[in-house]
file upload36.txt (compact mmCIF, C-alpha atoms)
# COMPACT_ATOMS: atom_id res chain seq x y z
CA MET U 23 25.58 -8.08 -12.11
CA VAL U 24 22.83 -6.62 -9.95
CA LYS U 25 19.63 -5.45 -11.61
CA ILE U 26 18.26 -2.26 -10.10
CA GLU U 27 14.84 -1.06 -11.16
CA VAL U 28 13.65 2.46 -10.40
CA PHE U 29 9.90 2.95 -10.74
CA GLY U 30 8.61 6.48 -11.20
CA THR U 31 6.84 8.70 -13.67
CA GLY U 32 9.40 11.48 -13.59
CA CYS U 33 8.49 13.72 -10.67
CA ALA U 34 11.04 15.24 -8.29
CA LYS U 35 11.00 12.27 -5.88
CA CYS U 36 11.57 9.78 -8.68
CA LYS U 37 14.46 11.82 -10.09
CA SER U 38 15.94 12.08 -6.61
CA LEU U 39 15.78 8.30 -6.17
CA LEU U 40 17.49 7.70 -9.52
CA LYS U 41 20.24 10.15 -8.56
CA ASN U 42 20.78 8.39 -5.21
CA VAL U 43 20.87 4.99 -6.93
CA GLU U 44 23.46 6.15 -9.47
CA LYS U 45 25.60 7.63 -6.71
CA ALA U 46 25.29 4.49 -4.56
CA VAL U 47 26.36 2.27 -7.47
CA GLN U 48 29.29 4.53 -8.27
CA GLU U 49 30.50 4.75 -4.67
CA SER U 50 30.02 1.07 -3.83
CA GLY U 51 31.67 -0.20 -7.01
CA VAL U 52 28.92 -2.79 -7.45
CA LYS U 53 28.38 -3.88 -11.02
CA ALA U 54 24.77 -3.01 -11.72
CA GLU U 55 22.31 -2.53 -14.52
CA ILE U 56 19.99 0.38 -13.70
CA VAL U 57 16.60 0.26 -15.38
CA LYS U 58 14.19 3.19 -15.16
CA ILE U 59 10.53 2.32 -15.54
CA ASP U 60 8.33 5.38 -16.16
CA SER U 61 5.24 3.91 -17.80
CA ILE U 62 2.45 4.14 -15.23
CA GLN U 63 0.79 1.08 -16.78
CA GLU U 64 3.94 -0.99 -16.41
CA ILE U 65 4.41 0.32 -12.88
CA MET U 66 0.88 -0.76 -11.93
CA ASN U 67 1.25 -4.10 -13.72
CA ARG U 68 4.31 -4.86 -11.64
CA GLY U 69 2.27 -4.33 -8.45
CA VAL U 70 3.94 -1.04 -7.52
CA MET U 71 0.99 0.91 -6.15
CA MET U 72 3.05 3.88 -4.98
CA THR U 73 6.11 5.58 -6.34
CA PRO U 74 8.99 6.02 -6.27
CA GLY U 75 9.85 2.35 -6.10
CA LEU U 76 13.23 0.69 -5.82
CA TYR U 77 13.64 -3.00 -6.67
CA ILE U 78 16.91 -4.91 -6.52
CA ASP U 79 17.04 -8.21 -8.36
CA GLY U 80 13.25 -8.28 -8.49
CA ASP U 81 12.68 -7.64 -4.81
CA ALA U 82 11.14 -4.40 -3.50
CA LYS U 83 13.51 -2.53 -1.19
CA ALA U 84 11.67 0.79 -0.88
CA VAL U 85 8.28 1.93 -2.12
CA GLY U 86 6.68 5.33 -1.62
CA ARG U 87 9.84 6.93 -0.23
CA VAL U 88 13.31 8.00 -1.29
CA PRO U 89 16.07 6.07 0.51
CA SER U 90 19.39 7.86 0.95
CA THR U 91 22.53 6.95 -0.96
CA GLU U 92 23.96 5.34 2.18
CA GLU U 93 20.83 3.23 2.68
CA ILE U 94 20.96 2.07 -0.94
CA LYS U 95 24.62 1.14 -0.54
CA LYS U 96 23.65 -1.08 2.41
CA MET U 97 20.88 -2.66 0.31
CA LEU U 98 23.43 -3.44 -2.40
CA LYS U 99 25.74 -5.17 0.07
CA LYS U 100 23.08 -7.68 1.13
CA MET X 9 -4.02 9.56 -21.70
CA ASP X 10 -0.80 11.44 -21.07
CA GLU X 11 1.22 9.14 -18.83
CA LYS X 12 3.66 11.89 -17.86
CA LYS X 13 0.91 13.82 -16.10
CA GLU X 14 0.04 10.92 -13.80
CA CYS X 15 1.99 10.32 -10.65
CA LEU X 16 1.71 7.89 -7.75
CA CYS X 17 3.98 9.98 -5.53
CA GLN X 18 1.30 11.65 -3.42
CA PRO X 19 2.18 11.63 0.29
CA ILE X 20 0.88 8.48 1.96
CA GLU X 21 -1.15 9.32 5.03
CA THR X 22 -3.59 6.48 5.57
CA LEU X 23 -3.88 3.05 4.03
CA VAL X 24 -7.12 1.11 4.41
CA PHE X 25 -7.21 -2.69 4.48
CA ALA X 26 -10.55 -4.47 4.41
CA CYS X 27 -11.34 -8.12 5.00
CA SER X 28 -13.45 -8.50 1.83
CA GLY X 29 -14.73 -11.88 3.03
CA GLY X 30 -17.54 -13.99 1.67
CA SER X 31 -20.36 -12.71 3.85
CA ASN X 32 -22.39 -9.52 3.95
CA VAL X 33 -20.10 -7.97 6.58
CA GLY X 34 -16.97 -8.83 4.58
CA GLN X 35 -18.41 -7.03 1.57
CA ILE X 36 -19.54 -4.11 3.73
CA ALA X 37 -15.94 -3.82 4.99
CA ASN X 38 -14.63 -3.76 1.43
CA GLN X 39 -17.21 -1.24 0.20
CA ALA X 40 -16.52 0.99 3.22
CA ALA X 41 -12.83 1.03 2.22
CA VAL X 42 -13.84 2.00 -1.32
CA GLU X 43 -16.06 4.83 -0.05
CA LEU X 44 -13.33 6.11 2.29
CA THR X 45 -10.95 6.21 -0.66
CA LYS X 46 -13.48 8.14 -2.76
CA GLU X 47 -13.88 10.60 0.12
CA ARG X 48 -10.06 10.92 0.31
CA GLN X 49 -10.00 9.75 3.91
CA GLY X 50 -7.45 7.07 3.02
CA LYS X 51 -6.30 4.82 0.23
CA LEU X 52 -7.78 1.38 -0.35
CA PHE X 53 -4.85 -1.01 -0.28
CA CYS X 54 -4.12 -4.66 -0.99
CA LEU X 55 -4.63 -7.01 1.95
CA ALA X 56 -4.01 -9.98 -0.34
CA GLY X 57 -0.58 -8.54 -1.14
CA ILE X 58 0.20 -8.41 2.58
CA GLY X 59 -0.96 -12.01 3.04
CA GLY X 60 1.08 -13.08 0.01
CA HIS X 61 4.17 -11.22 1.31
CA VAL X 62 4.43 -9.31 -1.97
CA SER X 63 7.49 -7.17 -1.33
CA GLY X 64 6.22 -4.08 -3.16
CA ILE X 65 2.98 -4.02 -1.18
CA VAL X 66 4.77 -4.65 2.12
CA GLU X 67 7.31 -1.87 1.48
CA ALA X 68 4.57 0.59 0.50
CA THR X 69 2.71 -0.24 3.72
CA LYS X 70 5.85 0.54 5.74
CA ALA X 71 5.83 4.04 4.24
CA ALA X 72 2.27 4.84 5.41
CA LYS X 73 1.67 7.04 8.43
CA ARG X 74 -1.55 5.33 9.56
CA LEU X 75 -3.06 1.93 8.90
CA VAL X 76 -6.79 1.24 9.09
CA ALA X 77 -8.16 -2.30 9.25
CA ILE X 78 -11.85 -2.94 8.62
CA ASP X 79 -12.92 -6.42 9.62
CA GLY X 80 -16.32 -7.92 8.99
CA CYS X 81 -16.59 -10.10 12.07
CA PRO X 82 -14.80 -10.95 15.34
CA VAL X 83 -12.48 -13.41 13.57
CA LYS X 84 -10.55 -10.28 12.52
CA CYS X 85 -8.76 -11.75 9.50
CA ALA X 86 -7.61 -8.33 8.21
CA LYS X 87 -6.03 -7.42 11.54
CA LYS X 88 -4.38 -10.83 11.84
CA THR X 89 -3.05 -10.71 8.28
CA LEU X 90 -1.47 -7.33 8.95
CA GLU X 91 -0.01 -8.53 12.25
CA GLN X 92 1.58 -11.58 10.64
CA SER X 93 3.59 -9.20 8.47
CA GLY X 94 4.56 -7.06 11.45
CA PHE X 95 1.98 -4.30 11.09
CA ASN X 96 -0.33 -3.10 13.85
CA PRO X 97 -3.36 -1.18 12.58
CA ASP X 98 -3.77 2.25 14.18
CA VAL X 99 -7.51 2.07 13.69
CA LEU X 100 -9.60 -1.11 13.79
CA VAL X 101 -13.31 -1.28 13.05
CA VAL X 102 -15.25 -4.54 13.21
CA VAL X 103 -18.53 -4.37 11.31
CA THR X 104 -20.44 -6.72 13.64
CA ASP X 105 -19.42 -4.54 16.62
CA LEU X 106 -21.65 -1.85 15.13
CA GLY X 107 -24.79 -3.96 15.50
CA ILE X 108 -24.77 -5.29 11.94
CA GLU X 109 -25.58 -8.99 11.88
CA LYS X 110 -23.40 -11.39 9.89
CA ILE X 111 -25.37 -13.40 7.35
CA ALA X 112 -24.42 -15.71 4.49
CA GLY X 113 -24.08 -14.10 1.06
CA PRO X 114 -22.63 -10.86 -0.21
CA THR X 115 -25.76 -8.67 -0.28
CA PHE X 116 -25.87 -5.68 2.07
CA LYS X 117 -27.68 -2.42 2.70
CA ALA X 118 -26.00 0.86 1.72
CA GLU X 119 -26.93 2.34 5.09
CA ASP X 120 -24.88 -0.35 6.86
CA CYS X 121 -21.86 0.60 4.77
CA LYS X 122 -22.41 4.25 5.68
CA THR X 123 -22.44 3.30 9.38
CA VAL X 124 -19.01 1.70 8.99
CA VAL X 125 -17.62 4.64 6.99
CA ASN X 126 -18.79 7.04 9.69
CA LYS X 127 -17.22 4.94 12.45
CA VAL X 128 -13.85 4.86 10.68
CA LYS X 129 -14.01 8.63 10.10
CA GLU X 130 -14.86 9.15 13.76
CA LYS X 131 -11.84 7.08 14.83
CA LEU X 132 -9.61 8.94 12.38
CA GLY X 133 -10.84 12.22 13.81
CA ALA X 134 -12.07 13.31 10.39

call {"tool": "encode", "arguments": {"input": "upload36.txt", "output": "structure tokens"}}
result
Amino acid sequence: MVKIEVFGTGCAKCKSLLKNVEKAVQESGVKAEIVKIDSIQEIMNRGVMMTPGLYIDGDAKAVGRVPSTEEIKKMLKK
Amino acid sequence: MDEKKECLCQPIETLVFACSGGSNVGQIANQAAVELTKERQGKLFCLAGIGGHVSGIVEATKAAKRLVAIDGCPVKCAKKTLEQSGFNPDVLVVVTDLGIEKIAGPTFKAEDCKTVVNKVKEKLGA
């Protein structure tokens, strides 16, 4: 089970990232737990200084940008 | 504070990394980065996170359009730290290159900090 964390306070970019993540998980068939973190204090405490942020199994994969569904699928394969 | 109204999604144009070392020029470099952030010329960012290979800091740095390094002295620790993680600063200012002498201790004159701020702004074309 892969743990995917999406960091964002709920703006359009953050929502777009969450949508891409959900689509990537669905299309890749990877078993994943998707966790959305929208508390700005928790985001800052985790060292995410820009949003949206995408972490997979605790490792930052994209911060401050919205990766495409295809890019996320590649991240999930690694 | 209403958390929902805060957002860290602003477009990233310029990130500023300062050496923050243990001499007057290191502290001038750091304070210059703070002043540039207050003037919205860039965003003070975490050089220690780059040196520590903290993935969130490294990924955020990749998303920036321009990187500014402010070093206190010719040793250029900020520039070297960035380079070791694969980043080349677009703008580099070395405080001692501006005629400010390096001395022991963190105390500095505000006018020296202003000199550094102005030099960075000049190089950024601001």

call {"tool": "residues_around", "arguments": {"input": "upload36.txt", "residues": "stretch 69-84 of chain X", "least_positions_apart": "4", "cutoff": "10 Å", "atoms": "all atoms listed in the file", "output": "number ranges by chain"}}
result
U: 72, 84-87; X: 19-38, 40-41, 50-55, 58, 63-65, 88-90, 94-105, 108-110, 124-125, 128, 131-132

call {"tool": "atom_distance", "arguments": {"input": "upload36.txt", "atom1": "atom CA of U:Lys37", "atom2": "atom CA of U:Pro74"}}
result
8.8 Å

call {"tool": "residues_around", "arguments": {"input": "upload36.txt", "residues": "stretch 45-60 of chain U", "least_positions_apart": "3", "cutoff": "7 Å", "atoms": "all atoms listed in the file", "output": "list in words"}}
result
Met23, Val24, Lys25, Ile26, Glu27, Val28, Phe29, Gly30, Thr31, Gly32, Lys41, Asn42, Ile65, Thr91, Glu92, Ile94 and Lys95 of chain U

call {"tool": "atom_distance", "arguments": {"input": "upload36.txt", "atom1": "atom CA of X:Val66", "atom2": "atom CA of U:Met66"}}
result
15.1 Å

call {"tool": "atom_distance", "arguments": {"input": "upload36.txt", "atom1": "atom CA of X:Gly57", "atom2": "atom CA of X:Glu130"}}
result
27.2 Å

call {"tool": "closest_residue", "arguments": {"input": "upload36.txt", "among": "X:Ala68, X:Ala56, X:Ile111, X:Gln18", "to": "chain U", "atoms": "all atoms listed in the file"}}
result
X:Ala68

call {"tool": "closest_residue", "arguments": {"input": "upload36.txt", "among": "U:Val70, U:Leu76, U:Ala34, U:Val88", "to": "chain X", "atoms": "only C-alpha atoms"}}
result
U:Val70

call {"tool": "closest_residue", "arguments": {"input": "upload36.txt", "among": "U:Thr73, U:Ser90, U:Gln63, U:Ser38", "to": "chain X", "atoms": "only C-alpha atoms"}}
result
U:Thr73

call {"tool": "closest_residue", "arguments": {"input": "upload36.txt", "among": "X:Val42, X:Ala112, X:Cys121, X:Val62", "to": "chain U", "atoms": "all atoms listed in the file"}}
result
X:Val62

call {"tool": "closest_residue", "arguments": {"input": "upload36.txt", "among": "X:Lys117, X:Lys129, X:His61, X:Lys46", "to": "chain U", "atoms": "only C-alpha atoms"}}
result
X:His61

call {"tool": "closest_residue", "arguments": {"input": "upload36.txt", "among": "X:Gln39, X:Cys85, X:Gly60, X:Leu44", "to": "X:Pro114", "atoms": "only C-alpha atoms"}}
result
X:Gln39

call {"tool": "build_atoms", "arguments": {"input": "upload36.txt", "residues": "stretch 24-53 of chain U", "atoms": "N, CA and C atoms", "output": "short mmCIF file (atom, residue, chain, number, x, y, z; two decimals), in the coordinates of the input"}}
result
data_model
loop_
_atom_site.label_atom_id
_atom_site.label_comp_id
_atom_site.auth_asym_id
_atom_site.auth_seq_id
_atom_site.Cartn_x
_atom_site.Cartn_y
_atom_site.Cartn_z
N VAL U 24 24.08 -6.86 -10.68
CA VAL U 24 22.83 -6.62 -9.95
C VAL U 24 21.88 -5.83 -10.85
N LYS U 25 20.62 -6.22 -10.83
CA LYS U 25 19.63 -5.45 -11.61
C LYS U 25 18.86 -4.54 -10.67
N ILE U 26 18.97 -3.25 -10.92
CA ILE U 26 18.26 -2.26 -10.10
C ILE U 26 17.17 -1.62 -10.94
N GLU U 27 15.95 -1.69 -10.44
CA GLU U 27 14.84 -1.06 -11.16
C GLU U 27 14.31 0.12 -10.35
N VAL U 28 14.19 1.25 -11.03
CA VAL U 28 13.65 2.46 -10.40
C VAL U 28 12.30 2.76 -11.05
N PHE U 29 11.26 2.72 -10.24
CA PHE U 29 9.90 2.95 -10.74
C PHE U 29 9.48 4.38 -10.42
N GLY U 30 9.08 5.11 -11.44
CA GLY U 30 8.61 6.48 -11.20
C GLY U 30 8.26 7.15 -12.51
N THR U 31 7.32 8.08 -12.43
CA THR U 31 6.84 8.70 -13.67
C THR U 31 7.60 9.98 -14.02
N GLY U 32 8.56 10.34 -13.21
CA GLY U 32 9.40 11.48 -13.59
C GLY U 32 9.26 12.71 -12.72
N CYS U 33 8.62 12.56 -11.56
CA CYS U 33 8.49 13.72 -10.67
C CYS U 33 9.79 13.89 -9.87
N ALA U 34 9.82 14.90 -9.03
CA ALA U 34 11.04 15.24 -8.29
C ALA U 34 11.54 14.08 -7.41
N LYS U 35 10.60 13.39 -6.76
CA LYS U 35 11.00 12.27 -5.88
C LYS U 35 11.64 11.15 -6.68
N CYS U 36 11.05 10.86 -7.83
CA CYS U 36 11.57 9.78 -8.68
C CYS U 36 12.96 10.12 -9.19
N LYS U 37 13.15 11.37 -9.59
CA LYS U 37 14.46 11.82 -10.09
C LYS U 37 15.49 11.75 -8.97
N SER U 38 15.05 12.10 -7.77
CA SER U 38 15.94 12.08 -6.61
C SER U 38 16.38 10.64 -6.30
N LEU U 39 15.44 9.70 -6.40
CA LEU U 39 15.78 8.30 -6.17
C LEU U 39 16.80 7.81 -7.20
N LEU U 40 16.57 8.14 -8.46
CA LEU U 40 17.49 7.70 -9.52
C LEU U 40 18.89 8.26 -9.27
N LYS U 41 18.95 9.51 -8.85
CA LYS U 41 20.24 10.15 -8.56
C LYS U 41 20.95 9.43 -7.42
N ASN U 42 20.19 9.10 -6.36
CA ASN U 42 20.78 8.39 -5.21
C ASN U 42 21.26 6.99 -5.61
N VAL U 43 20.49 6.34 -6.47
CA VAL U 43 20.87 4.99 -6.93
C VAL U 43 22.17 5.06 -7.72
N GLU U 44 22.25 6.02 -8.63
CA GLU U 44 23.46 6.15 -9.47
C GLU U 44 24.68 6.44 -8.60
N LYS U 45 24.48 7.28 -7.60
CA LYS U 45 25.60 7.63 -6.71
C LYS U 45 26.01 6.41 -5.87
N ALA U 46 25.02 5.67 -5.38
CA ALA U 46 25.29 4.49 -4.56
C ALA U 46 26.06 3.44 -5.36
N VAL U 47 25.68 3.25 -6.60
CA VAL U 47 26.36 2.27 -7.47
C VAL U 47 27.80 2.72 -7.71
N GLN U 48 27.96 3.99 -8.00
CA GLN U 48 29.29 4.53 -8.27
C GLN U 48 30.19 4.39 -7.04
N GLU U 49 29.68 4.76 -5.89
CA GLU U 49 30.50 4.75 -4.67
C GLU U 49 30.77 3.34 -4.15
N SER U 50 29.84 2.43 -4.37
CA SER U 50 30.02 1.07 -3.83
C SER U 50 30.84 0.19 -4.77
N GLY U 51 30.92 0.58 -6.04
CA GLY U 51 31.67 -0.20 -7.01
C GLY U 51 30.96 -1.47 -7.44
N VAL U 52 29.69 -1.60 -7.07
CA VAL U 52 28.92 -2.79 -7.45
C VAL U 52 28.58 -2.73 -8.94
N LYS U 53 28.75 -3.85 -9.61
CA LYS U 53 28.38 -3.88 -11.02
C LYS U 53 26.87 -4.00 -11.10
#
